[in-house]
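With mmCIF, C-alpha atoms inside, this is structure_21.cif:
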```cif
data_work
#
loop_
_atom_site.label_atom_id
_atom_site.label_comp_id
_atom_site.auth_asym_id
_atom_site.auth_seq_id
_atom_site.Cartn_x
_atom_site.Cartn_y
_atom_site.Cartn_z
CA MET A 1 0.00 0.00 0.00
CA ALA A 2 1.37 3.40 -0.99
CA GLY A 3 0.29 6.97 -1.53
CA PRO A 4 -1.92 9.26 0.57
CA LEU A 5 -3.89 6.42 2.19
CA ALA A 6 -0.72 4.71 3.41
CA ARG A 7 0.50 7.98 4.94
CA GLN A 8 -2.91 8.58 6.48
CA LEU A 9 -2.89 5.16 8.12
CA GLU A 10 0.71 5.46 9.31
CA LYS A 11 -0.16 8.71 11.06
CA ALA A 12 -3.32 7.26 12.62
CA LEU A 13 -1.89 3.91 13.67
CA GLY A 14 1.65 4.97 14.58
CA ALA A 15 3.23 2.42 12.26
CA ALA A 16 3.71 2.01 8.52
CA VAL A 17 1.76 -0.49 6.45
CA THR A 18 4.26 -3.07 5.20
CA GLY A 19 1.91 -5.57 3.59
CA SER A 20 -1.68 -6.10 2.48
CA ARG A 21 -3.55 -9.32 1.84
CA PRO A 22 -7.18 -9.60 0.68
CA MET A 23 -9.61 -11.31 3.02
CA ARG A 24 -13.03 -12.73 2.37
CA GLY A 25 -15.53 -9.95 2.92
CA GLY A 26 -19.18 -9.26 2.36
CA ASP A 27 -21.03 -8.08 -0.69
CA ILE A 28 -20.46 -4.38 -0.10
CA ALA A 29 -16.84 -3.97 1.00
CA ASP A 30 -13.27 -4.95 0.22
CA VAL A 31 -11.55 -6.32 3.30
CA SER A 32 -7.77 -6.57 3.69
CA ARG A 33 -5.41 -7.83 6.35
CA LEU A 34 -2.65 -5.26 6.83
CA SER A 35 0.77 -5.92 8.32
CA LEU A 36 2.32 -3.00 10.22
CA SER A 37 5.96 -2.14 10.77
CA ASP A 38 5.64 -2.62 14.53
CA GLY A 39 4.52 -6.24 14.10
CA ARG A 40 0.79 -5.70 14.52
CA THR A 41 -1.82 -7.04 12.14
CA VAL A 42 -5.03 -5.08 11.54
CA VAL A 43 -8.06 -5.34 9.27
CA ALA A 44 -9.06 -2.58 6.84
CA LYS A 45 -12.53 -2.39 5.34
CA ARG A 46 -13.34 -0.16 2.36
CA PRO A 47 -16.69 0.16 0.57
CA ARG A 48 -16.76 -0.92 -3.03
CA ALA A 49 -17.19 1.79 -5.65
CA ASP A 50 -20.84 0.96 -6.29
CA GLN A 51 -21.81 0.83 -2.60
CA PRO A 52 -22.49 3.51 0.03
CA ASP A 53 -19.86 4.38 2.58
CA THR A 54 -21.18 2.91 5.84
CA THR A 55 -17.82 2.87 7.65
CA ALA A 56 -18.69 5.67 10.08
CA THR A 57 -21.93 3.96 11.13
CA GLU A 58 -20.23 0.58 11.45
CA ALA A 59 -17.48 2.10 13.59
CA MET A 60 -20.10 3.70 15.83
CA MET A 61 -22.01 0.42 16.22
CA LEU A 62 -18.91 -1.63 17.04
CA THR A 63 -17.81 0.97 19.58
CA TYR A 64 -21.28 1.05 21.12
CA LEU A 65 -21.31 -2.73 21.52
CA ALA A 66 -17.82 -2.66 23.05
CA GLU A 67 -18.80 0.01 25.54
CA HIS A 68 -22.33 -1.09 26.43
CA SER A 69 -22.35 -4.88 26.17
CA PRO A 70 -20.30 -8.01 26.91
CA LEU A 71 -20.40 -9.09 23.25
CA PRO A 72 -16.86 -9.60 21.92
CA VAL A 73 -16.30 -7.37 18.88
CA PRO A 74 -13.21 -6.07 17.08
CA LYS A 75 -11.80 -2.83 18.50
CA VAL A 76 -12.11 0.14 16.17
CA LEU A 77 -8.65 1.62 15.57
CA TYR A 78 -9.41 4.25 12.94
CA GLN A 79 -12.20 5.47 10.70
CA ALA A 80 -12.29 8.13 8.02
CA ASP A 81 -14.17 8.64 4.78
CA GLY A 82 -14.09 5.35 2.91
CA ILE A 83 -12.09 3.30 5.40
CA LEU A 84 -12.50 1.48 8.70
CA VAL A 85 -9.53 -0.11 10.47
CA MET A 86 -10.11 -2.68 13.20
CA GLU A 87 -8.02 -4.99 15.29
CA HIS A 88 -7.38 -8.37 13.73
CA ILE A 89 -8.91 -11.19 15.75
CA ALA A 90 -7.27 -14.54 15.13
CA HIS A 91 -9.72 -17.27 14.19
CA ALA A 92 -9.10 -20.56 12.44
CA GLY A 93 -12.70 -21.51 11.73
CA SER A 94 -14.85 -24.13 13.40
CA THR A 95 -13.48 -27.52 14.35
CA ASN A 96 -16.54 -28.57 16.36
CA ALA A 97 -19.85 -27.04 15.25
CA HIS A 98 -21.73 -28.40 18.26
CA LYS A 99 -19.39 -26.90 20.84
CA ALA A 100 -19.05 -23.67 18.87
CA ALA A 101 -22.83 -23.20 18.84
CA ILE A 102 -22.94 -23.66 22.61
CA SER A 103 -20.18 -21.08 23.03
CA ILE A 104 -22.12 -18.60 20.88
CA ALA A 105 -25.25 -18.87 23.03
CA GLY A 106 -23.63 -17.37 26.13
CA PRO A 107 -22.53 -14.04 24.63
CA VAL A 108 -25.79 -13.66 22.70
CA ALA A 109 -27.90 -14.24 25.82
CA ALA A 110 -25.69 -11.80 27.74
CA LEU A 111 -26.11 -9.21 24.98
CA HIS A 112 -29.88 -9.54 25.18
CA ARG A 113 -29.84 -8.92 28.92
CA VAL A 114 -28.56 -5.41 28.17
CA THR A 115 -31.75 -3.36 27.93
CA GLY A 116 -32.78 0.17 27.05
CA LYS A 117 -35.73 2.33 28.00
CA ARG A 118 -37.27 2.47 24.52
CA PHE A 119 -37.28 0.48 21.30
CA GLY A 120 -35.09 1.71 18.46
CA PHE A 121 -31.87 3.63 18.80
CA GLN A 122 -30.55 7.15 19.23
CA THR A 123 -29.87 7.33 15.50
CA ASP A 124 -30.66 5.40 12.36
CA THR A 125 -28.16 2.65 11.58
CA VAL A 126 -27.57 0.30 8.66
CA ILE A 127 -28.01 -3.37 7.84
CA GLY A 128 -25.47 -4.15 5.16
CA PRO A 129 -25.69 -1.25 2.68
CA LEU A 130 -29.29 -0.42 3.55
CA GLY A 131 -30.55 2.21 5.94
CA GLN A 132 -32.18 0.90 9.12
CA GLN A 133 -34.80 3.24 10.54
CA ASN A 134 -34.72 3.48 14.34
CA ARG A 135 -37.28 6.08 15.36
CA GLU A 136 -37.66 5.40 19.09
CA ASP A 137 -41.00 4.21 20.45
CA ASP A 138 -42.43 2.90 23.71
CA ASN A 139 -44.60 0.34 21.90
CA TRP A 140 -42.74 -2.59 20.37
CA CYS A 141 -45.46 -3.70 17.99
CA ARG A 142 -45.75 -0.19 16.58
CA PHE A 143 -41.97 0.14 16.32
CA PHE A 144 -41.64 -3.15 14.45
CA THR A 145 -44.56 -2.39 12.15
CA GLU A 146 -43.42 1.09 11.17
CA ASN A 147 -39.62 0.92 11.39
CA ARG A 148 -39.02 -2.63 10.21
CA LEU A 149 -41.88 -4.31 8.34
CA LEU A 150 -43.49 -1.41 6.47
CA ALA A 151 -40.29 0.63 6.09
CA MET A 152 -38.40 -2.15 4.31
CA ALA A 153 -41.41 -3.44 2.39
CA GLY A 154 -42.03 0.08 1.14
CA SER A 155 -38.42 0.36 0.04
CA CYS A 156 -38.76 -2.92 -1.85
CA ALA A 157 -41.97 -1.77 -3.52
CA ARG A 158 -40.45 1.54 -4.61
CA VAL A 159 -37.76 -0.26 -6.59
CA ALA A 160 -40.26 -2.82 -7.95
CA ARG A 161 -38.88 -5.73 -5.93
CA LEU A 162 -42.38 -6.31 -4.50
CA SER A 163 -45.59 -6.24 -6.50
CA PRO A 164 -48.45 -3.93 -5.42
CA GLY A 165 -50.42 -7.04 -4.51
CA THR A 166 -47.73 -8.38 -2.16
CA MET A 167 -47.31 -4.94 -0.61
CA ALA A 168 -51.06 -4.83 0.06
CA ARG A 169 -50.83 -8.23 1.76
CA ILE A 170 -48.02 -6.99 3.99
CA GLU A 171 -50.14 -3.98 4.95
CA LYS A 172 -52.99 -6.36 5.86
CA LEU A 173 -50.65 -8.38 8.06
CA ALA A 174 -49.50 -5.15 9.73
CA GLN A 175 -53.10 -4.56 10.84
CA LYS A 176 -53.10 -7.95 12.57
CA LEU A 177 -49.84 -7.52 14.41
CA PRO A 178 -51.26 -5.95 17.61
CA ASP A 179 -52.89 -9.36 18.23
CA LEU A 180 -49.72 -11.29 17.39
CA LEU A 181 -46.82 -9.32 18.88
CA PRO A 182 -46.21 -8.08 22.43
CA ALA A 183 -46.44 -4.35 23.05
CA SER A 184 -43.77 -4.23 25.74
CA PRO A 185 -41.18 -7.02 25.79
CA ALA A 186 -37.78 -6.20 27.23
CA ALA A 187 -36.00 -3.68 24.98
CA SER A 188 -32.90 -5.82 24.45
CA LEU A 189 -29.76 -4.65 22.70
CA LEU A 190 -29.70 -6.53 19.39
CA HIS A 191 -26.83 -7.38 17.09
CA GLY A 192 -29.35 -7.13 14.28
CA ASP A 193 -27.53 -9.05 11.52
CA ILE A 194 -26.64 -12.14 13.44
CA TRP A 195 -25.80 -15.35 11.62
CA ALA A 196 -22.83 -17.65 11.19
CA GLY A 197 -21.25 -15.45 8.52
CA ASN A 198 -20.99 -12.58 10.99
CA MET A 199 -19.28 -14.64 13.68
CA LEU A 200 -15.55 -15.37 13.90
CA ILE A 201 -15.12 -18.93 15.16
CA ASP A 202 -11.83 -20.21 16.49
CA GLY A 203 -11.94 -23.97 16.93
CA GLU A 204 -14.69 -24.70 19.44
CA THR A 205 -15.43 -21.15 20.56
CA VAL A 206 -16.64 -17.86 19.18
CA ALA A 207 -13.91 -15.22 19.04
CA ALA A 208 -15.93 -12.18 17.95
CA PHE A 209 -19.07 -10.89 16.27
CA ILE A 210 -18.84 -8.54 13.29
CA ASP A 211 -21.03 -6.47 10.94
CA PRO A 212 -23.73 -5.42 13.44
CA ALA A 213 -26.99 -3.62 12.71
CA ILE A 214 -27.80 -2.56 16.24
CA SER A 215 -30.97 -1.30 17.86
CA TYR A 216 -33.02 -2.06 20.95
CA GLY A 217 -35.91 -4.44 20.40
CA ASP A 218 -37.46 -7.82 21.12
CA ARG A 219 -34.59 -10.28 21.49
CA GLU A 220 -36.60 -12.75 19.44
CA MET A 221 -35.62 -10.70 16.39
CA ASP A 222 -32.04 -11.94 16.70
CA LEU A 223 -33.22 -15.50 17.37
CA ALA A 224 -35.45 -15.45 14.28
CA PHE A 225 -32.54 -14.16 12.21
CA ILE A 226 -30.36 -17.07 13.35
CA ALA A 227 -33.15 -19.57 12.71
CA LEU A 228 -33.66 -18.25 9.18
CA MET A 229 -30.07 -17.81 8.03
CA GLY A 230 -28.77 -21.07 9.45
CA GLY A 231 -25.11 -21.91 9.81
CA LEU A 232 -25.31 -22.91 13.48
CA ASP A 233 -25.84 -26.30 15.04
CA PRO A 234 -29.43 -26.42 16.42
CA VAL A 235 -28.01 -26.96 19.91
CA PHE A 236 -27.58 -23.16 19.97
CA PHE A 237 -31.26 -22.74 20.84
CA ASP A 238 -31.10 -25.26 23.69
CA ALA A 239 -27.98 -23.59 25.08
CA TYR A 240 -29.54 -20.12 24.77
CA HIS A 241 -32.80 -21.30 26.37
CA ALA A 242 -30.85 -22.66 29.34
CA GLN A 243 -29.49 -19.16 29.99
CA TYR A 244 -32.44 -16.99 28.90
CA ALA A 245 -35.70 -18.89 28.45
CA ILE A 246 -37.36 -18.72 25.03
CA ASP A 247 -41.16 -18.41 25.17
CA ALA A 248 -43.10 -21.12 23.34
CA GLY A 249 -44.97 -18.48 21.35
CA PHE A 250 -41.75 -17.64 19.55
CA THR A 251 -41.63 -20.97 17.77
CA ARG A 252 -45.39 -21.12 17.14
CA GLU A 253 -45.78 -17.79 15.35
CA ARG A 254 -43.49 -14.88 16.20
CA CYS A 255 -40.38 -16.44 14.65
CA ALA A 256 -42.02 -16.40 11.22
CA ILE A 257 -43.25 -12.83 11.64
CA TYR A 258 -39.82 -11.58 12.68
CA GLN A 259 -38.19 -13.43 9.78
CA LEU A 260 -40.05 -11.12 7.43
CA TRP A 261 -37.47 -8.45 8.31
CA PRO A 262 -34.32 -10.24 7.07
CA LEU A 263 -36.29 -11.69 4.17
CA LEU A 264 -37.38 -8.22 3.06
CA VAL A 265 -33.78 -7.01 3.42
CA HIS A 266 -32.78 -9.81 1.04
CA VAL A 267 -35.66 -9.01 -1.30
CA ARG A 268 -34.45 -5.40 -1.41
CA LEU A 269 -30.89 -6.48 -2.17
CA PHE A 270 -31.39 -9.55 -4.33
CA GLY A 271 -35.07 -10.10 -5.19
CA GLY A 272 -35.57 -13.58 -6.60
CA GLY A 273 -36.75 -16.46 -4.45
CA TYR A 274 -36.88 -14.39 -1.30
CA VAL A 275 -40.20 -12.93 -2.48
CA GLY A 276 -41.68 -16.43 -2.44
CA GLN A 277 -40.57 -16.93 1.15
CA VAL A 278 -42.22 -13.66 2.14
CA GLU A 279 -45.43 -14.69 0.42
CA SER A 280 -45.41 -18.08 2.17
CA ILE A 281 -45.29 -16.39 5.56
CA LEU A 282 -48.09 -14.00 4.57
CA ALA A 283 -50.23 -16.98 3.53
CA ARG A 284 -49.58 -18.66 6.85
CA PHE A 285 -51.22 -15.70 8.57
CA GLY A 286 -54.16 -15.60 6.23
CA VAL A 287 -53.33 -12.57 4.13
#
```
Serialized structure, structure tokens:
Amino acid sequence: MAGPLARQLEKALGAAVTGSRPMRGGDIADVSRLSLSDGRTVVAKRPRADQPDTTATEAMMLTYLAEHSPLPVPKVLYQADGILVMEHIAHAGSTNAHKAAISIAGPVAALHRVTGKRFGFQTDTVIGPLGQQNREDDNWCRFFTENRLLAMAGSCARVARLSPGTMARIEKLAQKLPDLLPASPAASLLHGDIWAGNMLIDGETVAAFIDPAISYGDREMDLAFIALMGGLDPVFFDAYHAQYAIDAGFTRERCAIYQLWPLLVHVRLFGGGYVGQVESILARFGV
């Protein structure tokens, strides 16, 4: 690495960048492992040219989790326009999926025991490259309906990822939600984009969680996300339940309702078969 960015990083980190190696990243950023002249290794994340720059928001969310929760996350070392530098957390991947899933349950349950006074967050955040509306509310059902379900469905409809008919069905479901969702569960701190791809596993244990989309909400949102996206041994739910009991109503109906959020995020980003999954859930609830 050379040029103005290299000098910028040397000044910020107190050491020169001596090497750069690409790492596997997400769909919206280029991720590199940087070697520094003082022997440290750090991770640099830069948005791709066709994606928004979410580095400032991501830095804020990681710092918030580090300061307000027990969830292990990478330390933010530097952020400026178009770049986020974090500590490198060694992880060799999973060698025992069963034990790794059990180790994940503890930090997630502990995260969810961190609670706020209202649902939402002090500012809007992001989930991947998409804006995540967080207008604070005292009523969970109203918050979910307006800031999650209808906000993302409306975004999908505006770019023709959802048909007018499917949007109308979502609006009908929204009218039913006061009878299906609690008004005042605990306002838990949520990771918000929690699945195996956003966890760094080292052998049999979780080393860190990355790429958050934080807000305060019903903890079942995170559980529904994990159930939908997969990647974890099912023992995770037993281990989590042993530390923070999961209500039976989650499995019966709320899990499917909450899964509409990540599904609509995927509809907005990718379209395709995710629309069919949304429509299947709508049919289940008679709309």
Using the chain letters and numbering of this document, enumerate as a PDB file with C-alpha atoms, keeping the file's coordinate frame the residues selected by the PyMOL selection byres ((chain A and resi 104) around 9).
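For reference, result.pdb as written:
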```pdb
ATOM      1  CA  LYS A  99     -19.390 -26.900  20.840  1.00  0.00           C
ATOM      2  CA  ALA A 100     -19.050 -23.670  18.870  1.00  0.00           C
ATOM      3  CA  ALA A 101     -22.830 -23.200  18.840  1.00  0.00           C
ATOM      4  CA  ILE A 102     -22.940 -23.660  22.610  1.00  0.00           C
ATOM      5  CA  SER A 103     -20.180 -21.080  23.030  1.00  0.00           C
ATOM      6  CA  ALA A 105     -25.250 -18.870  23.030  1.00  0.00           C
ATOM      7  CA  GLY A 106     -23.630 -17.370  26.130  1.00  0.00           C
ATOM      8  CA  PRO A 107     -22.530 -14.040  24.630  1.00  0.00           C
ATOM      9  CA  VAL A 108     -25.790 -13.660  22.700  1.00  0.00           C
ATOM     10  CA  ALA A 109     -27.900 -14.240  25.820  1.00  0.00           C
ATOM     11  CA  MET A 199     -19.280 -14.640  13.680  1.00  0.00           C
ATOM     12  CA  THR A 205     -15.430 -21.150  20.560  1.00  0.00           C
ATOM     13  CA  VAL A 206     -16.640 -17.860  19.180  1.00  0.00           C
ATOM     14  CA  PHE A 236     -27.580 -23.160  19.970  1.00  0.00           C
ATOM     15  CA  ALA A 239     -27.980 -23.590  25.080  1.00  0.00           C
ATOM     16  CA  TYR A 240     -29.540 -20.120  24.770  1.00  0.00           C
TER      17      TYR A 240
END
```
In the coordinate frame of the file, compute which residues have an atom within 12 Å of (-37.8, -2.5, 7.4) when using all atoms listed in the file, and state them as JSON, numbers by chain.
{"A": [124, 125, 126, 127, 130, 131, 132, 133, 134, 135, 143, 144, 145, 146, 147, 148, 149, 150, 151, 152, 153, 154, 155, 156, 157, 170, 192, 258, 259, 260, 261, 262, 263, 264, 265, 266, 267, 268]}
Can you list what the PyMOL selection byres ((chain A and resi 177-189) around 9) grabs from this structure, as number ranges by chain?
A: 65, 69, 111-120, 138-142, 145, 173-176, 190-192, 214-219, 253-254, 257
CA of Asp53 (chain A) sits from CA of Gly271 (chain A) at a separation of 22.4 Å
Fewer than 3 positions away in the same chain doesn't count, so skip those; otherwise give me all residues within 12 Å of Gln8 (chain A), counting only C-alpha atoms, as a PDB file with C-alpha atoms, in the frame of the given file.
```pdb
ATOM      1  CA  MET A   1       0.000   0.000   0.000  1.00  0.00           C
ATOM      2  CA  ALA A   2       1.370   3.400  -0.990  1.00  0.00           C
ATOM      3  CA  GLY A   3       0.290   6.970  -1.530  1.00  0.00           C
ATOM      4  CA  PRO A   4      -1.920   9.260   0.570  1.00  0.00           C
ATOM      5  CA  LEU A   5      -3.890   6.420   2.190  1.00  0.00           C
ATOM      6  CA  LYS A  11      -0.160   8.710  11.060  1.00  0.00           C
ATOM      7  CA  ALA A  12      -3.320   7.260  12.620  1.00  0.00           C
ATOM      8  CA  LEU A  13      -1.890   3.910  13.670  1.00  0.00           C
ATOM      9  CA  GLY A  14       1.650   4.970  14.580  1.00  0.00           C
ATOM     10  CA  ALA A  15       3.230   2.420  12.260  1.00  0.00           C
ATOM     11  CA  ALA A  16       3.710   2.010   8.520  1.00  0.00           C
ATOM     12  CA  VAL A  17       1.760  -0.490   6.450  1.00  0.00           C
ATOM     13  CA  TYR A  78      -9.410   4.250  12.940  1.00  0.00           C
ATOM     14  CA  GLN A  79     -12.200   5.470  10.700  1.00  0.00           C
ATOM     15  CA  ALA A  80     -12.290   8.130   8.020  1.00  0.00           C
ATOM     16  CA  ASP A  81     -14.170   8.640   4.780  1.00  0.00           C
ATOM     17  CA  ILE A  83     -12.090   3.300   5.400  1.00  0.00           C
ATOM     18  CA  VAL A  85      -9.530  -0.110  10.470  1.00  0.00           C
TER      19      VAL A  85
END
```
Rounded to one decimal, what separation in Å do you get between CA of Val43 (chain A) and CA of Glu87 (chain A)?
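For CA of Val43 (chain A) relative to CA of Glu87 (chain A), the distance reads 6.0 Å.
Using only C-alpha atoms, the shortest contact distance between Leu232 (chain A) and any of A:Ser37, A:Thr57, A:Thr251, A:Ser94 is found at A:Ser94.
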Selection dump of the PyMOL selection byres ((chain A and resi 194) around 9), as a PDB file with C-alpha atoms, in the frame of the given file:
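Everything below was put into part_18.pdb:
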```pdb
ATOM      1  CA  LEU A 190     -29.700  -6.530  19.390  1.00  0.00           C
ATOM      2  CA  HIS A 191     -26.830  -7.380  17.090  1.00  0.00           C
ATOM      3  CA  GLY A 192     -29.350  -7.130  14.280  1.00  0.00           C
ATOM      4  CA  ASP A 193     -27.530  -9.050  11.520  1.00  0.00           C
ATOM      5  CA  TRP A 195     -25.800 -15.350  11.620  1.00  0.00           C
ATOM      6  CA  ALA A 196     -22.830 -17.650  11.190  1.00  0.00           C
ATOM      7  CA  GLY A 197     -21.250 -15.450   8.520  1.00  0.00           C
ATOM      8  CA  ASN A 198     -20.990 -12.580  10.990  1.00  0.00           C
ATOM      9  CA  MET A 199     -19.280 -14.640  13.680  1.00  0.00           C
ATOM     10  CA  PHE A 209     -19.070 -10.890  16.270  1.00  0.00           C
ATOM     11  CA  ILE A 210     -18.840  -8.540  13.290  1.00  0.00           C
ATOM     12  CA  ASP A 211     -21.030  -6.470  10.940  1.00  0.00           C
ATOM     13  CA  PRO A 212     -23.730  -5.420  13.440  1.00  0.00           C
ATOM     14  CA  ALA A 213     -26.990  -3.620  12.710  1.00  0.00           C
ATOM     15  CA  ASP A 222     -32.040 -11.940  16.700  1.00  0.00           C
ATOM     16  CA  LEU A 223     -33.220 -15.500  17.370  1.00  0.00           C
ATOM     17  CA  PHE A 225     -32.540 -14.160  12.210  1.00  0.00           C
ATOM     18  CA  ILE A 226     -30.360 -17.070  13.350  1.00  0.00           C
ATOM     19  CA  MET A 229     -30.070 -17.810   8.030  1.00  0.00           C
TER      20      MET A 229
END
```
What are the centre and the three edge lengths of an axis-aligned box that wraps all atoms of region 115-124 of chain A in the file, given that 6 Å is added to every side, written as lines of an AutoDock Vina configuration file and rounded to one decimal in Å?
```
center_x = -33.6
center_y = 2.0
center_z = 20.2
size_x = 19.4
size_y = 22.7
size_z = 27.6
```
Here is a test: counting all atoms listed in the file, which residue of A:Gln122, A:Phe270, A:Asp202, A:Ala227 is nearest to Gly93 (chain A)?
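Smallest separation from Gly93 (chain A) among the options: A:Asp202.
Using only C-alpha atoms, every residue with an atom at most 12 Å from the point (-39.9, -21.1, 22.8) is listed here: Glu220, Leu223, Ala224, Phe237, Asp238, Tyr240, His241, Ala242, Tyr244, Ala245, Ile246, Asp247, Ala248, Gly249, Phe250, Thr251, Arg252, Glu253, Arg254 and Cys255 of chain A.
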Taking into account only C-alpha atoms, which residue in the set A:Met221, A:Ala208, A:His98, A:Gln243 is nearest to Lys75 (chain A)?
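Ranking A:Met221, A:Ala208, A:His98, A:Gln243 by distance to Lys75 (chain A), first place goes to A:Ala208.
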Between CA of Thr166 (chain A) and CA of Glu279 (chain A), what is the distance, to one decimal in Å?
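Going from CA of Thr166 (chain A) over to CA of Glu279 (chain A) covers 7.2 Å.
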Ala92 (chain A) surroundings by all atoms listed in the file, 9 Å radius, close-in-sequence under 3 positions cut, as an MDAnalysis selection string
chainID A and resid 95 200:203
Find, counting all atoms listed in the file, the residue in A:Arg40, A:Arg7, A:Leu71, A:Ala256 that gets nearest to Gln277 (chain A).
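Answer, going by the shortest atom-to-atom distance: A:Ala256.
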